[in-house]
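For reference, the structure is listed below as structure tokens.
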Amino acid sequence: MNPNNKIKIAILDDYQDEALNFGEWSSLPSNVDITVFNNGMENDTGFINKLLPFEILVTMRERTWFTKSTLEKLTNLRLIAATGGRQSNIDIDAATKLGITICNTASPGHSTAELTWALIFSLTRSIALEDKKLREGIWQTSIGVGLDGKKLGIIGLGRVGKDVAKVAPLFDMELLVWSPNMTQKRADEYQAKSVSKDTLFSNSDIISIHIPLNKSSEGIIKKRELSLMKSDAYLINTSRGPIVNENDLIEALQTGMIAGAALDVFDDEPLDKNHPFTSMENTLLTPHLGYVTAENYDVFYGTCVKNIQAYLKGTPINVMNPDSLPADPNDN
């Protein structure tokens, strides 16, 4: 790298214009030139042309996807400093063959578990609705549902699911758990009962999703599963939108097949203001807030700065590429 040339860095999808407030960006060399993009990039018709000049991209979780075709067109790209652990939005094999280094960060999971319980409380007690009505001068419009003694079905006992499970006993809730690889031994760690998928959907009063999105989990919850749920049961999704077939969920909510859903994730993000979910009184919607906390942003952007520093020194850290990363074709 020539120290006399500007090193162009793009921070992507910074919807809140907050990235530069986290991490010690000023510690980077003086020849670094940072551009922040506040709008979503993936649906931008000038997506490739806008990112073409940059050597380094800083990405926020899975907001923008980098396929082999996209990476091949970004001929100046040498580093993606990605936030979070998993990077299913990046074709790492293709990046490796193109000489693009991929670095990641830790991803504290407590914030998503906290939001999950906030959504459960708000949905079952109609907190958002009652707040809105109270501001309109209307006093008490709903009758809440208590949690004591209810059955909580958790799909997945990974990093987030286990934190959600830990809280349930405080409300004397019965825990049912399922995932494709669940065992009773694993369930025993959280005073839970490992059950079949159908049993979880049929018996749970509240179902919360905590499995990653991949080829096997995409659309794993369809009309069949939703039709097994009790008509007074609730669905919570703080994982990824496509795990649930969106059209089937819309139908289930519109027809009263289930009582309601609290959703932090969607097929397409940001969610269109005219989406059917936004006009339903039995939905509670948040804009993918699961990881959006000051503590997480400190980790995400703080580590990204360190990853960029290490890359510029020629000793990258937190590298996700296989060992076969080719030499930088621009190195002479």
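Naming scheme: A, B, ... for chains in displayed order of the structure tokens; residues 1 onward per chain; ligands 1 onward as shown.
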
TODO: Would you list, as number ranges by chain, the residues of stretch 47-213 of chain A that end up in alpha helix (DSSP H) under DSSP run on this structure's backbone?
DONE: A: 47-51, 68-73, 92-97, 110-124, 127-135, 161-167, 184-188, 197-203

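Residue nearest A:Asn245, chosen from A:Glu225, A:Glu136, A:Asp13, A:Asp131 and counting only C-alpha atoms: A:Glu225.
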
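DSSP on the backbone gives strand (DSSP E) for these parts of stretch 12-136 of chain A: Val32, Asp33, Ile34, Thr35, Val36, Ile56, Leu57, Val58, Thr59, Leu79, Ile80, Ala81, Ala82, Thr101, Ile102 and Cys103 of chain A.
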
Written file, previous selection with C-alpha atoms, as a compact mmCIF listing (two decimals), in the first residue's frame:
```txt
# COMPACT_ATOMS: atom_id res chain seq x y z
CA VAL A 32 -7.68 7.41 5.63
CA ASP A 33 -10.76 8.91 3.99
CA ILE A 34 -14.09 7.76 5.49
CA THR A 35 -17.48 8.03 3.78
CA VAL A 36 -20.68 7.11 5.63
CA ILE A 56 -12.37 -1.08 2.76
CA LEU A 57 -16.05 -1.58 3.57
CA VAL A 58 -17.48 -1.59 7.08
CA THR A 59 -20.76 -3.51 7.09
CA LEU A 79 -11.16 -5.69 3.19
CA ILE A 80 -14.67 -6.10 4.56
CA ALA A 81 -14.68 -5.20 8.25
CA ALA A 82 -17.96 -6.83 9.18
CA THR A 101 -10.04 -10.27 3.55
CA ILE A 102 -13.14 -10.67 5.73
CA CYS A 103 -12.84 -9.77 9.41
```

Sorted by chain and rising residue number, which residues of stretch 275-324 of chain A lie within 7 Å of stretch 19-27 of chain A, and what are their closest atom pairs and distances in Å to one decimal, counting only C-alpha atoms, as a Markdown table?
```
| residue | atom | partner | partner_atom | distance |
| --- | --- | --- | --- | --- |
| A:Tyr297 | CA | A:Phe22 | CA | 6.3 |
| A:Asp298 | CA | A:Phe22 | CA | 5.4 |
| A:Tyr301 | CA | A:Gly23 | CA | 5.1 |
| A:Gly302 | CA | A:Gly23 | CA | 3.8 |
| A:Val305 | CA | A:Trp25 | CA | 6.2 |
```

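Atom CA of A:Lys50 lies 27.5 Å from atom CA of A:Arg240.
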
**Asked** What does the distance from atom CA of A:Asp163 to atom CA of A:Ile209 come to in Å, to one decimal?
**Response**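 These two atoms are separated by 12.5 Å.
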
For the atom pair atom CA of A:Asp248 and atom CA of A:Thr116, what is the interatomic distance in Å to one decimal place?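 Atom CA of A:Thr116 lies at a distance of 21.9 Å from atom CA of A:Asp248.
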
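Nearest to A:Leu71 of all the residues A:Glu174, A:Asp91, A:Glu281, A:Asp272 is A:Asp91, counting only C-alpha atoms.
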